[in-house]
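Report on the structure given below.
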Amino acid sequence: MSNVMCFSAVNTSFKRVFQAFFVFISLIPLQACAQTDFQPIELTAIPKIIHEEYRPETVTIASREYDIPPLWQGKRIYPATDTASRLQLVPRRFVVNQGQIYLREDACNALTAMAESAEKDGVLLLIDSGYRSIWYQKKIYQRKIVRGKTFEEIAKFVAPPGYSEHSLGCAADFSPSNWRFAGTVMYRWLQENGGRFGFVETYPKNNPGGEPWEASHWCYHPLQSEDGADNPR
Ligand SMILES: [Zn+2]
């Protein structure tokens, strides 16, 4: 046997060994999958987490998408699906111009009891806004945008659609619903007594969230005792 033939035979043997080795390697993962109870990862769960944490917050008004300003980011509000079906008409004598305003039934009852109590103290509490759907909040923005205001300018004073407590049906704006309210006897009465009826000033002066002071905006938070039952009022 010449050296050339001998080399050729060895070379062929090596090739076979390598081929067998790679076939063996390529089968390992398949065997591993077959032997373990392999469950594919639920891919839908991963994008959901990313969606919640990293998706930039925006709102679409009249087909245009606006970025939510930093002040409101992370403060999106999610109304309960049955909110609209739980709305109740606020007694007209506690509404500016005896208008038609709705609040969630528990907030409405608490507001009525509170306004009646204030009445006995000689203070007339009137509201000029209650439940506002996200759709309605968009309309408010749209009107202001048409008049020339920018989205950012409006968001300094009005919660963007999807960020307003009014969509929960528990928030009410007392009249006059502007900075003047802070100087009224109604505001002082609410500061002293609102808490007894479950009403909280959401954006007080120098609030830690950095939101502008909104003295006329109060939200109802159900009063609960330690065992979770509603407190009698
Ligand atoms: Zn308000």
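Ligands are numbered from 1 in the order shown, residues from 1 within each chain, and chains are lettered A, B, ... in the order they appear in the structure tokens.
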
*Would you name the residues within 8 Å of ligand 1, counting only C-alpha atoms and all ligand atoms, and put them as a ChimeraX atom specification?*
/A:129-130,158,164-166,171-173,177,214,216-218

For region 73-79 of chain A, find every residue with an atom within 10 Å (counting only C-alpha atoms), except residues of its own chain fewer than 3 positions away, and show them as a PDB file with N, CA and C atoms, in the first residue's frame.
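Result file selection26.pdb:
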```pdb
ATOM      1  N   GLU A  52     -47.328  47.437  28.763  1.00  0.00           N
ATOM      2  CA  GLU A  52     -47.718  48.221  29.934  1.00  0.00           C
ATOM      3  C   GLU A  52     -46.585  49.127  30.416  1.00  0.00           C
ATOM      4  N   GLU A  53     -45.350  48.631  30.368  1.00  0.00           N
ATOM      5  CA  GLU A  53     -44.261  49.368  31.011  1.00  0.00           C
ATOM      6  C   GLU A  53     -43.559  50.352  30.089  1.00  0.00           C
ATOM      7  N   PRO A  56     -44.979  54.293  24.969  1.00  0.00           N
ATOM      8  CA  PRO A  56     -45.166  55.711  25.285  1.00  0.00           C
ATOM      9  C   PRO A  56     -46.646  56.026  25.418  1.00  0.00           C
ATOM     10  N   GLU A  57     -47.003  56.856  26.404  1.00  0.00           N
ATOM     11  CA  GLU A  57     -48.418  57.149  26.636  1.00  0.00           C
ATOM     12  C   GLU A  57     -48.883  58.228  25.667  1.00  0.00           C
ATOM     13  N   THR A  58     -49.946  57.919  24.974  1.00  0.00           N
ATOM     14  CA  THR A  58     -50.496  58.862  24.001  1.00  0.00           C
ATOM     15  C   THR A  58     -52.013  58.840  24.089  1.00  0.00           C
ATOM     16  N   ASP A  67     -48.768  63.111  22.624  1.00  0.00           N
ATOM     17  CA  ASP A  67     -48.012  62.521  23.735  1.00  0.00           C
ATOM     18  C   ASP A  67     -48.548  63.062  25.051  1.00  0.00           C
ATOM     19  N   ILE A  68     -48.686  62.171  26.001  1.00  0.00           N
ATOM     20  CA  ILE A  68     -49.115  62.608  27.338  1.00  0.00           C
ATOM     21  C   ILE A  68     -47.946  63.332  28.010  1.00  0.00           C
ATOM     22  N   PRO A  69     -48.160  64.557  28.499  1.00  0.00           N
ATOM     23  CA  PRO A  69     -47.066  65.296  29.144  1.00  0.00           C
ATOM     24  C   PRO A  69     -46.568  64.562  30.396  1.00  0.00           C
ATOM     25  N   PRO A  70     -45.310  64.766  30.753  1.00  0.00           N
ATOM     26  CA  PRO A  70     -44.722  64.049  31.906  1.00  0.00           C
ATOM     27  C   PRO A  70     -45.554  64.145  33.179  1.00  0.00           C
ATOM     28  N   ASP A  82     -68.867  48.913  34.559  1.00  0.00           N
ATOM     29  CA  ASP A  82     -70.298  49.148  34.824  1.00  0.00           C
ATOM     30  C   ASP A  82     -70.570  50.596  35.268  1.00  0.00           C
ATOM     31  N   THR A  83     -69.584  51.475  35.111  1.00  0.00           N
ATOM     32  CA  THR A  83     -69.750  52.853  35.603  1.00  0.00           C
ATOM     33  C   THR A  83     -70.996  53.518  35.017  1.00  0.00           C
ATOM     34  N   ALA A  84     -71.137  53.431  33.705  1.00  0.00           N
ATOM     35  CA  ALA A  84     -72.249  54.134  33.051  1.00  0.00           C
ATOM     36  C   ALA A  84     -73.601  53.632  33.562  1.00  0.00           C
ATOM     37  N   SER A 133     -67.498  61.133  30.475  1.00  0.00           N
ATOM     38  CA  SER A 133     -66.880  59.976  29.826  1.00  0.00           C
ATOM     39  C   SER A 133     -65.570  60.407  29.174  1.00  0.00           C
ATOM     40  N   ILE A 134     -64.753  59.434  28.829  1.00  0.00           N
ATOM     41  CA  ILE A 134     -63.492  59.734  28.133  1.00  0.00           C
ATOM     42  C   ILE A 134     -63.802  60.422  26.808  1.00  0.00           C
ATOM     43  N   ALA A 159     -57.240  67.485  33.041  1.00  0.00           N
ATOM     44  CA  ALA A 159     -56.691  66.133  32.887  1.00  0.00           C
ATOM     45  C   ALA A 159     -56.971  65.616  31.474  1.00  0.00           C
ATOM     46  N   PRO A 160     -55.967  65.018  30.825  1.00  0.00           N
ATOM     47  CA  PRO A 160     -56.194  64.481  29.482  1.00  0.00           C
ATOM     48  C   PRO A 160     -57.250  63.364  29.509  1.00  0.00           C
ATOM     49  N   PRO A 161     -57.899  63.122  28.380  1.00  0.00           N
ATOM     50  CA  PRO A 161     -58.865  62.012  28.320  1.00  0.00           C
ATOM     51  C   PRO A 161     -58.193  60.715  28.767  1.00  0.00           C
ATOM     52  N   GLY A 162     -58.864  60.011  29.679  1.00  0.00           N
ATOM     53  CA  GLY A 162     -58.280  58.774  30.216  1.00  0.00           C
ATOM     54  C   GLY A 162     -57.513  59.005  31.514  1.00  0.00           C
ATOM     55  N   TYR A 163     -57.386  60.285  31.927  1.00  0.00           N
ATOM     56  CA  TYR A 163     -56.631  60.607  33.140  1.00  0.00           C
ATOM     57  C   TYR A 163     -57.477  61.389  34.143  1.00  0.00           C
ATOM     58  N   SER A 164     -58.776  61.516  33.857  1.00  0.00           N
ATOM     59  CA  SER A 164     -59.635  62.338  34.705  1.00  0.00           C
ATOM     60  C   SER A 164     -60.468  61.480  35.649  1.00  0.00           C
ATOM     61  N   GLU A 165     -60.524  61.901  36.908  1.00  0.00           N
ATOM     62  CA  GLU A 165     -61.374  61.202  37.882  1.00  0.00           C
ATOM     63  C   GLU A 165     -62.849  61.319  37.510  1.00  0.00           C
ATOM     64  N   HIS A 166     -63.168  62.295  36.688  1.00  0.00           N
ATOM     65  CA  HIS A 166     -64.572  62.454  36.291  1.00  0.00           C
ATOM     66  C   HIS A 166     -65.085  61.227  35.524  1.00  0.00           C
ATOM     67  N   SER A 167     -64.178  60.472  34.909  1.00  0.00           N
ATOM     68  CA  SER A 167     -64.613  59.281  34.165  1.00  0.00           C
ATOM     69  C   SER A 167     -65.016  58.157  35.112  1.00  0.00           C
ATOM     70  N   LEU A 168     -64.675  58.281  36.408  1.00  0.00           N
ATOM     71  CA  LEU A 168     -65.056  57.265  37.399  1.00  0.00           C
ATOM     72  C   LEU A 168     -66.467  57.496  37.927  1.00  0.00           C
ATOM     73  N   GLY A 169     -66.970  58.715  37.715  1.00  0.00           N
ATOM     74  CA  GLY A 169     -68.316  59.036  38.215  1.00  0.00           C
ATOM     75  C   GLY A 169     -68.311  59.431  39.681  1.00  0.00           C
ATOM     76  N   GLY A 209     -47.983  65.317  44.015  1.00  0.00           N
ATOM     77  CA  GLY A 209     -47.951  64.862  42.623  1.00  0.00           C
ATOM     78  C   GLY A 209     -47.566  65.967  41.649  1.00  0.00           C
TER      79      GLY A 209
END
```

*Of the candidates A:Phe197, A:Tyr141, A:Arg147, A:Glu211, which shows the shortest atom-to-atom distance to Tyr66 (chain A), using only C-alpha atoms?*
A:Tyr141

*All residues 10 Å or closer to Pro176 (chain A), only C-alpha atoms, same chain fewer than 3 positions away omitted, as a VMD selection string*: chain A and resid 96 126 to 128 173 179 to 182 184 186 215 to 216

Please, could you write that set of residues out with N, CA and C atoms as a compact mmCIF listing (two decimals), in the first residue's frame?
```txt
# COMPACT_ATOMS: atom_id res chain seq x y z
N VAL A 96 -75.64 73.83 39.39
CA VAL A 96 -75.70 75.18 38.83
C VAL A 96 -76.79 75.24 37.75
N LEU A 126 -73.06 73.99 45.23
CA LEU A 126 -73.57 73.70 43.89
C LEU A 126 -72.44 73.10 43.06
N ILE A 127 -72.76 72.10 42.27
CA ILE A 127 -71.72 71.54 41.39
C ILE A 127 -72.02 71.94 39.95
N ASP A 128 -70.96 72.04 39.16
CA ASP A 128 -71.19 72.33 37.74
C ASP A 128 -70.60 71.26 36.82
N ASP A 173 -67.08 68.91 40.43
CA ASP A 173 -66.50 70.26 40.48
C ASP A 173 -67.54 71.19 41.08
N TRP A 179 -60.12 79.18 40.15
CA TRP A 179 -59.26 79.53 41.29
C TRP A 179 -60.00 80.31 42.36
N ARG A 180 -61.10 80.98 41.98
CA ARG A 180 -61.84 81.79 42.96
C ARG A 180 -62.47 80.92 44.05
N PHE A 181 -62.72 79.66 43.74
CA PHE A 181 -63.40 78.79 44.70
C PHE A 181 -62.61 78.68 46.02
N ALA A 182 -61.29 78.75 45.92
CA ALA A 182 -60.44 78.61 47.12
C ALA A 182 -60.71 79.69 48.16
N THR A 184 -63.78 80.91 48.88
CA THR A 184 -65.21 80.94 49.23
C THR A 184 -65.49 80.23 50.55
N MET A 186 -67.80 78.08 50.77
CA MET A 186 -68.05 76.68 50.39
C MET A 186 -66.77 75.85 50.53
N ALA A 215 -59.00 73.66 43.71
CA ALA A 215 -59.79 73.70 44.95
C ALA A 215 -61.23 73.22 44.75
N SER A 216 -61.77 73.38 43.57
CA SER A 216 -63.19 73.05 43.34
C SER A 216 -63.41 71.57 43.00
```

*Determine which residues of region 54-162 of chain A receive a DSSP assignment of strand (DSSP E or B), computed from the backbone, and state them as a PyMOL selection string.*
chain A and resi 58-61+64-67+87-89+95+102-104+127-129

*Please, which residues of region 42-212 of chain A, numbered as in this document, come out helix (DSSP H, G or I) from DSSP, as a PyMOL selection string?*
chain A and resi 45-54+70-72+84-86+92-94+96-98+105-120+134-146+151-155+165-168+179-183+185-197

*Which residue out of A:Glu201, A:Glu192, A:Glu105, A:Glu116 has the minimum interatomic distance to Leu87 (chain A) when only C-alpha atoms are used?*
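Checking each candidate against Leu87 (chain A), we get A:Glu105 as the closest.
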
*Shell of 9 Å around Cys108 (chain A), only C-alpha atoms, local chain residues under 6 positions omitted, as a list in words*: Leu87, Gln88, Leu89, Val90, Pro91, Tyr102, Gly169, Cys170 and Tyr220 of chain A

Requested write-out: N, CA and C atoms of the selected residues, as a compact mmCIF listing (two decimals), in the first residue's frame:
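What landed in out.txt:
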```
# COMPACT_ATOMS: atom_id res chain seq x y z
N LEU A 87 -74.85 55.22 37.08
CA LEU A 87 -74.97 56.67 37.24
C LEU A 87 -76.36 57.06 37.74
N GLN A 88 -76.38 58.13 38.48
CA GLN A 88 -77.62 58.61 39.08
C GLN A 88 -77.66 60.14 38.95
N LEU A 89 -78.84 60.66 38.70
CA LEU A 89 -78.99 62.11 38.51
C LEU A 89 -78.84 62.84 39.85
N VAL A 90 -77.96 63.82 39.86
CA VAL A 90 -77.77 64.63 41.08
C VAL A 90 -79.00 65.54 41.25
N PRO A 91 -79.55 65.62 42.49
CA PRO A 91 -80.70 66.52 42.69
C PRO A 91 -80.40 67.90 42.11
N TYR A 102 -74.73 63.84 36.32
CA TYR A 102 -74.79 62.49 36.88
C TYR A 102 -73.52 62.20 37.68
N GLY A 169 -66.97 58.71 37.71
CA GLY A 169 -68.32 59.04 38.22
C GLY A 169 -68.31 59.43 39.68
N CYS A 170 -67.15 59.61 40.29
CA CYS A 170 -67.09 59.93 41.72
C CYS A 170 -66.63 61.36 41.97
N TYR A 220 -65.20 61.47 45.58
CA TYR A 220 -65.77 60.63 46.63
C TYR A 220 -64.99 59.32 46.73
```

*Of the residues A:Gly210, A:Gly194, A:Gly99, A:Ile61, which is the one nearest to Tyr136 (chain A), using only C-alpha atoms?*
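Smallest separation from Tyr136 (chain A) among the options: A:Ile61.
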